[in-house]
Structures are given as structure tokens and as C-alpha cells.
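> I am sharing target19.csv, which consists of CSV, N, CA and C atoms:
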chain,number,residue,atom,x,y,z
C,71,MET,N,5.3,1.7,-12.3
C,71,MET,CA,4.4,2.9,-12.5
C,71,MET,C,3.2,2.6,-11.6
C,72,ALA,N,2.8,3.6,-10.9
C,72,ALA,CA,1.6,3.6,-10.1
C,72,ALA,C,0.6,4.7,-10.4
C,73,ILE,N,-0.6,4.5,-10.0
C,73,ILE,CA,-1.6,5.6,-10.3
C,73,ILE,C,-2.4,5.8,-9.0
C,74,LYS,N,-2.5,7.1,-8.6
C,74,LYS,CA,-3.3,7.5,-7.4
C,74,LYS,C,-4.5,8.3,-7.9
C,75,PHE,N,-5.5,8.4,-7.1
C,75,PHE,CA,-6.7,9.0,-7.5
C,75,PHE,C,-7.1,10.0,-6.4
C,76,SER,N,-7.6,11.2,-6.7
C,76,SER,CA,-8.2,12.1,-5.8
C,76,SER,C,-9.3,12.8,-6.4
C,77,LYS,N,-10.2,13.4,-5.6
C,77,LYS,CA,-11.4,14.0,-6.1
C,77,LYS,C,-11.8,15.2,-5.1
C,78,PHE,N,-12.2,16.3,-5.7
C,78,PHE,CA,-12.8,17.3,-4.8
C,78,PHE,C,-13.9,18.0,-5.6
C,79,VAL,N,-14.7,18.8,-4.8
C,79,VAL,CA,-15.9,19.5,-5.4
C,79,VAL,C,-15.7,21.0,-5.4
C,80,ILE,N,-16.1,21.6,-6.5
C,80,ILE,CA,-16.0,23.1,-6.6
C,80,ILE,C,-17.4,23.6,-6.8
C,81,ASN,N,-17.8,24.6,-6.0
C,81,ASN,CA,-19.1,25.2,-6.2
C,81,ASN,C,-19.0,26.3,-7.2
C,82,SER,N,-19.8,26.2,-8.3
C,82,SER,CA,-19.8,27.1,-9.4
C,82,SER,C,-21.0,28.0,-9.4
C,83,ASN,N,-20.9,29.2,-9.8
C,83,ASN,CA,-22.1,30.1,-9.9
C,83,ASN,C,-22.8,29.9,-11.3
C,84,GLY,N,-22.2,29.1,-12.2
C,84,GLY,CA,-22.7,29.0,-13.5
C,84,GLY,C,-22.0,30.1,-14.4
C,85,ASN,N,-21.8,29.8,-15.6
C,85,ASN,CA,-21.1,30.7,-16.5
C,85,ASN,C,-19.9,31.3,-15.8
C,86,ASP,N,-19.0,30.4,-15.4
C,86,ASP,CA,-17.9,30.7,-14.4
C,86,ASP,C,-16.6,30.2,-14.9
C,87,ILE,N,-15.5,30.9,-14.6
C,87,ILE,CA,-14.2,30.3,-14.8
C,87,ILE,C,-13.5,30.4,-13.4
C,88,ILE,N,-13.0,29.2,-13.0
C,88,ILE,CA,-12.5,29.1,-11.6
C,88,ILE,C,-11.1,28.5,-11.7
C,89,ASP,N,-10.2,29.2,-11.1
C,89,ASP,CA,-8.8,28.7,-11.0
C,89,ASP,C,-8.7,27.6,-9.9
C,90,ILE,N,-8.4,26.4,-10.4
C,90,ILE,CA,-8.3,25.2,-9.5
C,90,ILE,C,-6.9,24.7,-9.3
C,91,THR,N,-5.9,25.5,-9.7
C,91,THR,CA,-4.5,25.1,-9.7
C,91,THR,C,-4.1,24.7,-8.3
C,92,GLU,N,-4.3,25.5,-7.3
C,92,GLU,CA,-3.8,25.2,-6.0
C,92,GLU,C,-4.5,24.0,-5.3
C,93,LYS,N,-5.8,23.9,-5.6
C,93,LYS,CA,-6.6,22.7,-5.1
C,93,LYS,C,-6.0,21.4,-5.7
C,94,VAL,N,-5.7,21.4,-7.0
C,94,VAL,CA,-5.1,20.2,-7.6
C,94,VAL,C,-3.7,20.0,-7.0
C,95,LYS,N,-2.9,21.0,-6.9
C,95,LYS,CA,-1.6,20.8,-6.3
C,95,LYS,C,-1.7,20.3,-4.9
C,96,ALA,N,-2.6,20.8,-4.1
C,96,ALA,CA,-2.8,20.3,-2.7
C,96,ALA,C,-3.1,18.8,-2.7
C,97,ALA,N,-3.9,18.4,-3.6
C,97,ALA,CA,-4.3,16.9,-3.7
C,97,ALA,C,-3.1,16.1,-4.0
C,98,ILE,N,-2.2,16.6,-4.9
C,98,ILE,CA,-1.0,15.9,-5.3
C,98,ILE,C,0.0,15.8,-4.1
C,99,ILE,N,0.2,16.9,-3.4
C,99,ILE,CA,1.1,16.9,-2.3
C,99,ILE,C,0.6,16.1,-1.1
C,100,LYS,N,-0.7,16.1,-0.9
C,100,LYS,CA,-1.3,15.2,0.1
C,100,LYS,C,-1.0,13.8,-0.1
C,101,ASN,N,-0.9,13.4,-1.4
C,101,ASN,CA,-0.5,12.0,-1.7
C,101,ASN,C,1.0,11.8,-1.7
C,102,ARG,N,1.7,12.8,-1.3
C,102,ARG,CA,3.2,12.7,-1.2
C,102,ARG,C,3.9,12.3,-2.5
C,103,ILE,N,3.4,13.0,-3.6
C,103,ILE,CA,3.9,12.8,-4.9
C,103,ILE,C,4.7,14.0,-5.3
C,104,ASN,N,5.9,13.8,-5.8
C,104,ASN,CA,6.8,14.8,-6.2
C,104,ASN,C,7.0,15.0,-7.7
C,105,ASP,N,6.9,13.9,-8.4
C,105,ASP,CA,7.1,13.8,-9.8
C,105,ASP,C,6.0,12.9,-10.4
C,106,ALA,N,5.2,13.4,-11.3
C,106,ALA,CA,4.1,12.6,-11.9
C,106,ALA,C,3.6,13.3,-13.2
C,107,LEU,N,2.8,12.5,-13.9
C,107,LEU,CA,2.0,13.1,-14.9
C,107,LEU,C,0.6,13.2,-14.4
C,108,ILE,N,0.0,14.4,-14.4
C,108,ILE,CA,-1.3,14.6,-13.7
C,108,ILE,C,-2.4,14.8,-14.8
C,109,ASN,N,-3.5,14.1,-14.6
C,109,ASN,CA,-4.6,14.3,-15.5
C,109,ASN,C,-5.7,14.8,-14.6
C,110,VAL,N,-6.3,16.0,-15.0
C,110,VAL,CA,-7.4,16.6,-14.3
C,110,VAL,C,-8.6,16.5,-15.2
C,111,HIS,N,-9.7,16.0,-14.6
C,111,HIS,CA,-10.9,15.8,-15.4
C,111,HIS,C,-12.2,16.2,-14.6
C,112,SER,N,-13.2,16.6,-15.4
C,112,SER,CA,-14.5,16.9,-14.8
C,112,SER,C,-15.6,16.2,-15.7
C,113,PRO,N,-16.4,15.4,-15.1
C,113,PRO,CA,-17.3,14.5,-15.9
C,113,PRO,C,-18.6,15.2,-16.1
C,114,PHE,N,-18.7,16.4,-16.7
C,114,PHE,CA,-19.9,17.0,-17.0
C,114,PHE,C,-19.9,17.5,-18.4
C,115,SER,N,-21.1,17.5,-19.1
C,115,SER,CA,-21.1,17.9,-20.5
C,115,SER,C,-21.1,19.4,-20.8
C,116,SER,N,-21.1,20.2,-19.7
C,116,SER,CA,-21.1,21.6,-19.9
C,116,SER,C,-19.9,22.2,-19.1
C,117,VAL,N,-18.9,21.4,-18.7
C,117,VAL,CA,-17.7,21.8,-18.0
C,117,VAL,C,-16.5,21.4,-18.8
C,118,SER,N,-15.5,22.3,-18.7
C,118,SER,CA,-14.2,22.0,-19.3
C,118,SER,C,-13.1,22.2,-18.3
C,119,ILE,N,-12.0,21.5,-18.5
C,119,ILE,CA,-10.8,21.7,-17.8
C,119,ILE,C,-9.7,22.2,-18.8
C,120,GLY,N,-9.0,23.2,-18.5
C,120,GLY,CA,-8.0,23.7,-19.5
C,120,GLY,C,-6.9,24.4,-18.8
C,121,VAL,N,-5.8,24.5,-19.5
C,121,VAL,CA,-4.6,25.3,-19.0
C,121,VAL,C,-4.5,26.5,-19.9
C,122,PHE,N,-4.8,27.7,-19.2
C,122,PHE,CA,-4.8,28.9,-20.0
C,122,PHE,C,-4.0,30.0,-19.2
C,123,GLU,N,-3.6,31.0,-20.0
C,123,GLU,CA,-3.1,32.2,-19.3
C,123,GLU,C,-4.3,32.8,-18.6
C,124,TYR,N,-4.1,33.0,-17.3
C,124,TYR,CA,-5.3,33.5,-16.5
C,124,TYR,C,-5.1,34.9,-16.1
C,125,THR,N,-5.4,35.8,-17.0
C,125,THR,CA,-5.4,37.3,-16.7
C,125,THR,C,-6.8,37.8,-17.0
C,126,PRO,N,-7.2,38.9,-16.4
C,126,PRO,CA,-8.6,39.4,-16.7
C,126,PRO,C,-8.8,39.7,-18.2
C,127,GLU,N,-7.8,40.2,-18.8
C,127,GLU,CA,-7.9,40.5,-20.3
C,127,GLU,C,-8.1,39.2,-21.1
C,128,ILE,N,-7.4,38.2,-20.8
C,128,ILE,CA,-7.5,36.9,-21.6
C,128,ILE,C,-8.9,36.3,-21.3
C,129,VAL,N,-9.3,36.3,-20.1
C,129,VAL,CA,-10.6,35.7,-19.7
C,129,VAL,C,-11.7,36.4,-20.4
C,130,GLU,N,-11.7,37.8,-20.4
C,130,GLU,CA,-12.7,38.6,-21.0
C,130,GLU,C,-12.7,38.3,-22.6
C,131,GLU,N,-11.5,38.3,-23.1
C,131,GLU,CA,-11.4,38.1,-24.6
C,131,GLU,C,-12.0,36.7,-25.0
C,132,PHE,N,-11.7,35.7,-24.2
C,132,PHE,CA,-12.2,34.3,-24.4
C,132,PHE,C,-13.7,34.3,-24.3
C,133,LEU,N,-14.2,34.9,-23.3
C,133,LEU,CA,-15.7,34.9,-23.1
C,133,LEU,C,-16.4,35.6,-24.3
C,134,SER,N,-15.8,36.7,-24.7
C,134,SER,CA,-16.4,37.5,-25.8
C,134,SER,C,-16.3,36.7,-27.1
C,135,PHE,N,-15.2,36.2,-27.3
C,135,PHE,CA,-15.0,35.4,-28.6
C,135,PHE,C,-15.9,34.2,-28.6
C,136,SER,N,-16.0,33.4,-27.5
C,136,SER,CA,-16.8,32.2,-27.5
C,136,SER,C,-18.3,32.6,-27.7
C,137,LYS,N,-18.7,33.7,-27.1
C,137,LYS,CA,-20.1,34.1,-27.3
C,137,LYS,C,-20.5,34.5,-28.7
C,138,LYS,N,-19.5,35.1,-29.4
C,138,LYS,CA,-19.8,35.4,-30.8
C,138,LYS,C,-19.7,34.2,-31.7
C,139,LEU,N,-18.8,33.3,-31.4
C,139,LEU,CA,-18.5,32.1,-32.2
C,139,LEU,C,-19.7,31.1,-32.1
C,140,ILE,N,-20.2,30.9,-30.9
C,140,ILE,CA,-21.2,29.8,-30.7
C,140,ILE,C,-22.5,30.5,-30.1
C,141,THR,N,-23.5,30.5,-31.0
C,141,THR,CA,-24.7,31.2,-30.6
C,141,THR,C,-25.9,30.3,-30.4
C,142,SER,N,-25.8,29.0,-30.5
C,142,SER,CA,-26.9,28.1,-30.4
C,142,SER,C,-27.4,28.0,-29.0
C,143,LEU,N,-28.6,27.4,-28.9
C,143,LEU,CA,-29.2,27.2,-27.5
C,143,LEU,C,-28.4,26.2,-26.7
C,144,ASN,N,-27.6,25.3,-27.4
C,144,ASN,CA,-26.8,24.3,-26.7
C,144,ASN,C,-25.3,24.8,-26.6
C,145,HIS,N,-25.1,26.1,-26.5
C,145,HIS,CA,-23.7,26.6,-26.6
C,145,HIS,C,-22.9,26.1,-25.5
C,146,HIS,N,-23.4,25.8,-24.3
C,146,HIS,CA,-22.6,25.4,-23.2
C,146,HIS,C,-22.0,24.0,-23.5
C,147,HIS,N,-22.7,23.1,-24.1
C,147,HIS,CA,-22.2,21.8,-24.5
C,147,HIS,C,-21.1,21.9,-25.6
C,148,ILE,N,-21.4,22.8,-26.5
C,148,ILE,CA,-20.4,22.9,-27.6
C,148,ILE,C,-19.1,23.5,-27.2
C,149,LYS,N,-19.2,24.5,-26.3
C,149,LYS,CA,-18.0,25.1,-25.7
C,149,LYS,C,-17.2,24.1,-25.0
C,150,SER,N,-17.9,23.3,-24.2
C,150,SER,CA,-17.2,22.3,-23.4
C,150,SER,C,-16.5,21.3,-24.4
C,151,LEU,N,-17.2,20.9,-25.4
C,151,LEU,CA,-16.6,20.0,-26.4
C,151,LEU,C,-15.3,20.6,-27.0
C,152,ILE,N,-15.3,21.8,-27.3
C,152,ILE,CA,-14.2,22.5,-28.0
C,152,ILE,C,-12.9,22.5,-27.0
C,153,ILE,N,-13.1,22.8,-25.8
C,153,ILE,CA,-12.0,22.9,-24.8
C,153,ILE,C,-11.7,21.5,-24.3
C,154,GLY,N,-12.7,20.7,-24.0
C,154,GLY,CA,-12.4,19.3,-23.5
C,154,GLY,C,-12.6,19.2,-22.0
C,155,ASN,N,-12.9,18.0,-21.6
C,155,ASN,CA,-13.2,17.8,-20.1
C,155,ASN,C,-11.9,17.5,-19.3
C,156,SER,N,-10.8,17.4,-20.0
C,156,SER,CA,-9.5,17.0,-19.2
C,156,SER,C,-8.3,17.8,-19.7
C,157,ALA,N,-7.4,17.8,-18.8
C,157,ALA,CA,-6.1,18.4,-19.1
C,157,ALA,C,-5.0,17.5,-18.4
C,158,THR,N,-3.9,17.3,-19.1
C,158,THR,CA,-2.8,16.6,-18.6
C,158,THR,C,-1.6,17.5,-18.4
C,159,ILE,N,-1.0,17.5,-17.2
C,159,ILE,CA,0.1,18.5,-16.9
C,159,ILE,C,1.2,17.7,-16.2
C,160,PRO,N,2.5,18.0,-16.6
C,160,PRO,CA,3.6,17.4,-15.9
C,160,PRO,C,3.8,18.1,-14.6
C,161,PHE,N,4.1,17.3,-13.5
C,161,PHE,CA,4.3,17.8,-12.2
C,161,PHE,C,5.7,17.3,-11.9
C,162,VAL,N,6.7,18.2,-11.8
C,162,VAL,CA,8.1,17.9,-11.6
C,162,VAL,C,8.7,18.6,-10.4
C,163,LYS,N,9.3,17.9,-9.6
C,163,LYS,CA,10.0,18.4,-8.4
C,163,LYS,C,9.0,19.3,-7.5
C,164,GLY,N,7.8,18.8,-7.4
C,164,GLY,CA,6.8,19.4,-6.5
C,164,GLY,C,6.0,20.6,-7.1
C,165,ASP,N,6.1,20.8,-8.4
C,165,ASP,CA,5.4,21.9,-9.0
C,165,ASP,C,5.0,21.5,-10.4
C,166,PHE,N,4.0,22.3,-10.9
C,166,PHE,CA,3.5,22.1,-12.3
C,166,PHE,C,4.5,22.7,-13.3
C,167,GLU,N,4.6,22.1,-14.4
C,167,GLU,CA,5.4,22.7,-15.5
C,167,GLU,C,4.5,23.6,-16.4
C,168,LEU,N,4.3,24.8,-15.9
C,168,LEU,CA,3.5,25.7,-16.5
C,168,LEU,C,4.2,27.0,-16.7
C,169,ASP,N,3.8,27.8,-17.7
C,169,ASP,CA,4.3,29.2,-17.9
C,169,ASP,C,3.9,30.0,-16.7
C,170,ARG,N,4.5,31.1,-16.4
C,170,ARG,CA,4.2,31.9,-15.2
C,170,ARG,C,2.8,32.4,-15.1
C,171,PHE,N,2.1,32.6,-16.2
C,171,PHE,CA,0.7,33.1,-16.1
C,171,PHE,C,-0.3,32.0,-16.3
C,172,GLN,N,0.1,30.8,-16.7
C,172,GLN,CA,-0.8,29.7,-16.9
C,172,GLN,C,-1.3,29.1,-15.6
C,173,ARG,N,-2.6,28.7,-15.6
C,173,ARG,CA,-3.3,28.2,-14.5
C,173,ARG,C,-4.2,27.0,-15.0
C,174,ILE,N,-4.5,26.1,-14.1
C,174,ILE,CA,-5.5,25.1,-14.4
C,174,ILE,C,-6.8,25.6,-14.1
C,175,LEU,N,-7.7,25.7,-15.1
C,175,LEU,CA,-9.0,26.3,-14.9
C,175,LEU,C,-10.1,25.4,-15.1
C,176,LEU,N,-11.2,25.6,-14.4
C,176,LEU,CA,-12.5,24.9,-14.6
C,176,LEU,C,-13.4,25.9,-15.3
C,177,PHE,N,-13.9,25.6,-16.4
C,177,PHE,CA,-14.8,26.4,-17.2
C,177,PHE,C,-16.2,25.8,-17.0
C,178,ASP,N,-17.1,26.5,-16.3
C,178,ASP,CA,-18.5,26.0,-16.2
C,178,ASP,C,-19.4,26.9,-17.2
C,179,PHE,N,-19.8,26.3,-18.3
C,179,PHE,CA,-20.5,27.1,-19.3
C,179,PHE,C,-22.0,27.0,-19.0
C,180,ASP,N,-22.5,26.3,-18.0
C,180,ASP,CA,-23.9,26.2,-17.8
C,180,ASP,C,-24.4,27.5,-17.1
C,181,TYR,N,-25.8,27.6,-17.0
C,181,TYR,CA,-26.3,28.8,-16.4
C,181,TYR,C,-26.5,28.7,-14.9
C,182,LYS,N,-26.6,27.5,-14.4
C,182,LYS,CA,-27.1,27.3,-13.0
C,182,LYS,C,-25.9,27.1,-12.0
C,183,LYS,N,-26.1,27.5,-10.8
C,183,LYS,CA,-25.2,27.2,-9.7
C,183,LYS,C,-25.2,25.7,-9.5
C,184,ARG,N,-24.0,25.1,-9.4
C,184,ARG,CA,-23.9,23.7,-9.2
C,184,ARG,C,-22.6,23.3,-8.5
C,185,ALA,N,-22.6,22.2,-7.9
C,185,ALA,CA,-21.4,21.6,-7.3
C,185,ALA,C,-20.8,20.8,-8.5
C,186,ARG,N,-19.5,21.0,-8.8
C,186,ARG,CA,-18.8,20.3,-9.9
C,186,ARG,C,-17.7,19.5,-9.3
C,187,SER,N,-17.6,18.2,-9.6
C,187,SER,CA,-16.5,17.4,-9.1
C,187,SER,C,-15.4,17.5,-10.1
C,188,VAL,N,-14.2,17.4,-9.5
C,188,VAL,CA,-12.9,17.4,-10.3
C,188,VAL,C,-12.2,16.1,-9.8
C,189,ILE,N,-11.8,15.4,-10.8
C,189,ILE,CA,-11.1,14.1,-10.6
C,189,ILE,C,-9.6,14.3,-11.0
C,190,ILE,N,-8.7,13.8,-10.2
C,190,ILE,CA,-7.3,13.9,-10.4
C,190,ILE,C,-6.7,12.5,-10.4
C,191,GLN,N,-6.0,12.2,-11.5
C,191,GLN,CA,-5.2,10.9,-11.5
C,191,GLN,C,-3.8,11.3,-11.6
C,192,MET,N,-3.0,10.7,-10.7
C,192,MET,CA,-1.6,11.0,-10.6
C,192,MET,C,-0.8,9.7,-11.1
C,193,ILE,N,-0.1,9.8,-12.2
C,193,ILE,CA,0.6,8.7,-12.7
C,193,ILE,C,2.1,8.9,-12.4
C,194,TYR,N,2.7,8.0,-11.7
C,194,TYR,CA,4.1,8.2,-11.2
C,194,TYR,C,4.8,6.9,-11.2
Is it possible to express this structure as C-alpha cells?

Amino acid sequence: MAIKFSKFVINSNGNDIIDITEKVKAAIIKNRINDALINVHSPFSSVSIGVFEYTPEIVEEFLSFSKKLITSLNHHHIKSLIIGNSATIPFVKGDFELDRFQRILLFDFDYKKRARSVIIQMIY
């Protein structure tokens, strides 16, 4: 078993949901890996990484639900805690094992524009 590491930066507008699936896949392919267990992580207290169905309706429903559920001043940290900072996804024969509408998403719950790093560990 071996582990490879990759990292990239995403610019977020704050209070943002960004599809990072293709960037993660490009990092894996660049490392010439065809089959692996992939861990995607972002080391910020107001950012989450998740695998979700990525359609406008689902995104809007999630944002509306989370706004009603968490109303504290520190809501961005609490939302991040609920979803988590990492996601682990199987990568088999050159592609992710995801449902057709699922994507790897970066959720930035903070208010400010920022550069957010994404760390990828490939275990193969």
C-alpha cells in the first residue's frame, strides 16, 4: 500500500458551494493512479467537504434548511462541524464511485472571500 498527496487552492466568494470533483479527479490522474481510496480534506473551521447530489433544487433546499436550523452567530463553524472537513471516496478504474448526480463539494460557510486549500490523499 502506498499514499500520495496533492493539494490545490480554490477561491471562494464566501457563503459558497463549489463543485471540486473535476479538480480532485485531475490531481488523481496526474499522479497516474487508477484505483485508490481517496480522502479529500480542507483544514478550515468554516469549510466542509461533502458528497452531495448537486442540483440547484438540492443546494437551495440545503441552504434554506441550514439557515433555519442554525441561527447562532457562529453558524458557519457549526455547519462545518455537522458536515465535516473530509470525505472519503472510492476511485475505481479511473473514476469515482458516485451516483450520477453526486459531486464532491466544498462548502464555504464563512462570509468573506478567501483562498481555501484542498488536500487530497490517495491510498492505493
> Rank nothing, just name the residue among C:Ile119, C:Ile193, C:Ile159, C:Leu143 nearest to Ile88 (chain C), using only C-alpha atoms.
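Closest residue, counting only C-alpha atoms: C:Ile119.
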> Using all atoms listed in the file - which residues lie no farther than 6.5 Å from the point (-7.7, 18.1, -7.1) in the file's frame? Write them as a PyMOL selection string.
chain C and resi 76-78+93-98+188-190
> Using all atoms listed in the file, which residue out of C:Lys149, C:Arg173, C:Lys138, C:Lys100 lies closest to Ser118 (chain C)?
C:Lys149
> What does the structure give for the distance between CA of His146 (chain C) and atom C of Arg170 (chain C), in Å to one decimal?
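Pair CA of His146 (chain C) / atom C of Arg170 (chain C) returns 27.6 Å.
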> Select from region 75-107 of chain C everything DSSP, run on the backbone, classes as strand (DSSP E), then give the selection as a PyMOL selection string.
chain C and resi 75-82+86-89+106-107
> Could you write those residues out with N, CA and C atoms, as a PDB file, in the coordinates of the input?

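The resulting part_34.pdb:
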ATOM      1  N   PHE C  75      -5.500   8.400  -7.100  1.00  0.00           N
ATOM      2  CA  PHE C  75      -6.700   9.000  -7.500  1.00  0.00           C
ATOM      3  C   PHE C  75      -7.100  10.000  -6.400  1.00  0.00           C
ATOM      4  N   SER C  76      -7.600  11.200  -6.700  1.00  0.00           N
ATOM      5  CA  SER C  76      -8.200  12.100  -5.800  1.00  0.00           C
ATOM      6  C   SER C  76      -9.300  12.800  -6.400  1.00  0.00           C
ATOM      7  N   LYS C  77     -10.200  13.400  -5.600  1.00  0.00           N
ATOM      8  CA  LYS C  77     -11.400  14.000  -6.100  1.00  0.00           C
ATOM      9  C   LYS C  77     -11.800  15.200  -5.100  1.00  0.00           C
ATOM     10  N   PHE C  78     -12.200  16.300  -5.700  1.00  0.00           N
ATOM     11  CA  PHE C  78     -12.800  17.300  -4.800  1.00  0.00           C
ATOM     12  C   PHE C  78     -13.900  18.000  -5.600  1.00  0.00           C
ATOM     13  N   VAL C  79     -14.700  18.800  -4.800  1.00  0.00           N
ATOM     14  CA  VAL C  79     -15.900  19.500  -5.400  1.00  0.00           C
ATOM     15  C   VAL C  79     -15.700  21.000  -5.400  1.00  0.00           C
ATOM     16  N   ILE C  80     -16.100  21.600  -6.500  1.00  0.00           N
ATOM     17  CA  ILE C  80     -16.000  23.100  -6.600  1.00  0.00           C
ATOM     18  C   ILE C  80     -17.400  23.600  -6.800  1.00  0.00           C
ATOM     19  N   ASN C  81     -17.800  24.600  -6.000  1.00  0.00           N
ATOM     20  CA  ASN C  81     -19.100  25.200  -6.200  1.00  0.00           C
ATOM     21  C   ASN C  81     -19.000  26.300  -7.200  1.00  0.00           C
ATOM     22  N   SER C  82     -19.800  26.200  -8.300  1.00  0.00           N
ATOM     23  CA  SER C  82     -19.800  27.100  -9.400  1.00  0.00           C
ATOM     24  C   SER C  82     -21.000  28.000  -9.400  1.00  0.00           C
ATOM     25  N   ASP C  86     -19.000  30.400 -15.400  1.00  0.00           N
ATOM     26  CA  ASP C  86     -17.900  30.700 -14.400  1.00  0.00           C
ATOM     27  C   ASP C  86     -16.600  30.200 -14.900  1.00  0.00           C
ATOM     28  N   ILE C  87     -15.500  30.900 -14.600  1.00  0.00           N
ATOM     29  CA  ILE C  87     -14.200  30.300 -14.800  1.00  0.00           C
ATOM     30  C   ILE C  87     -13.500  30.400 -13.400  1.00  0.00           C
ATOM     31  N   ILE C  88     -13.000  29.200 -13.000  1.00  0.00           N
ATOM     32  CA  ILE C  88     -12.500  29.100 -11.600  1.00  0.00           C
ATOM     33  C   ILE C  88     -11.100  28.500 -11.700  1.00  0.00           C
ATOM     34  N   ASP C  89     -10.200  29.200 -11.100  1.00  0.00           N
ATOM     35  CA  ASP C  89      -8.800  28.700 -11.000  1.00  0.00           C
ATOM     36  C   ASP C  89      -8.700  27.600  -9.900  1.00  0.00           C
ATOM     37  N   ALA C 106       5.200  13.400 -11.300  1.00  0.00           N
ATOM     38  CA  ALA C 106       4.100  12.600 -11.900  1.00  0.00           C
ATOM     39  C   ALA C 106       3.600  13.300 -13.200  1.00  0.00           C
ATOM     40  N   LEU C 107       2.800  12.500 -13.900  1.00  0.00           N
ATOM     41  CA  LEU C 107       2.000  13.100 -14.900  1.00  0.00           C
ATOM     42  C   LEU C 107       0.600  13.200 -14.400  1.00  0.00           C
TER      43      LEU C 107
END
> By how many Å are atom N of Arg184 (chain C) and atom N of Glu123 (chain C) apart?
23.7 Å
> Using the chain letters and numbers from this document, which residues of region 93-153 of chain C does DSSP assign to alpha helix (DSSP H), as an MDAnalysis selection string?
chainID C and resid 93:100 126:139 145:153
> Looking at C:Pro113, C:Pro126, C:Gly154, C:Gly164, which one is nearest to Ser187 (chain C), with distances taken over only C-alpha atoms?
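Among the listed residues, C:Pro113 lies closest to Ser187 (chain C).
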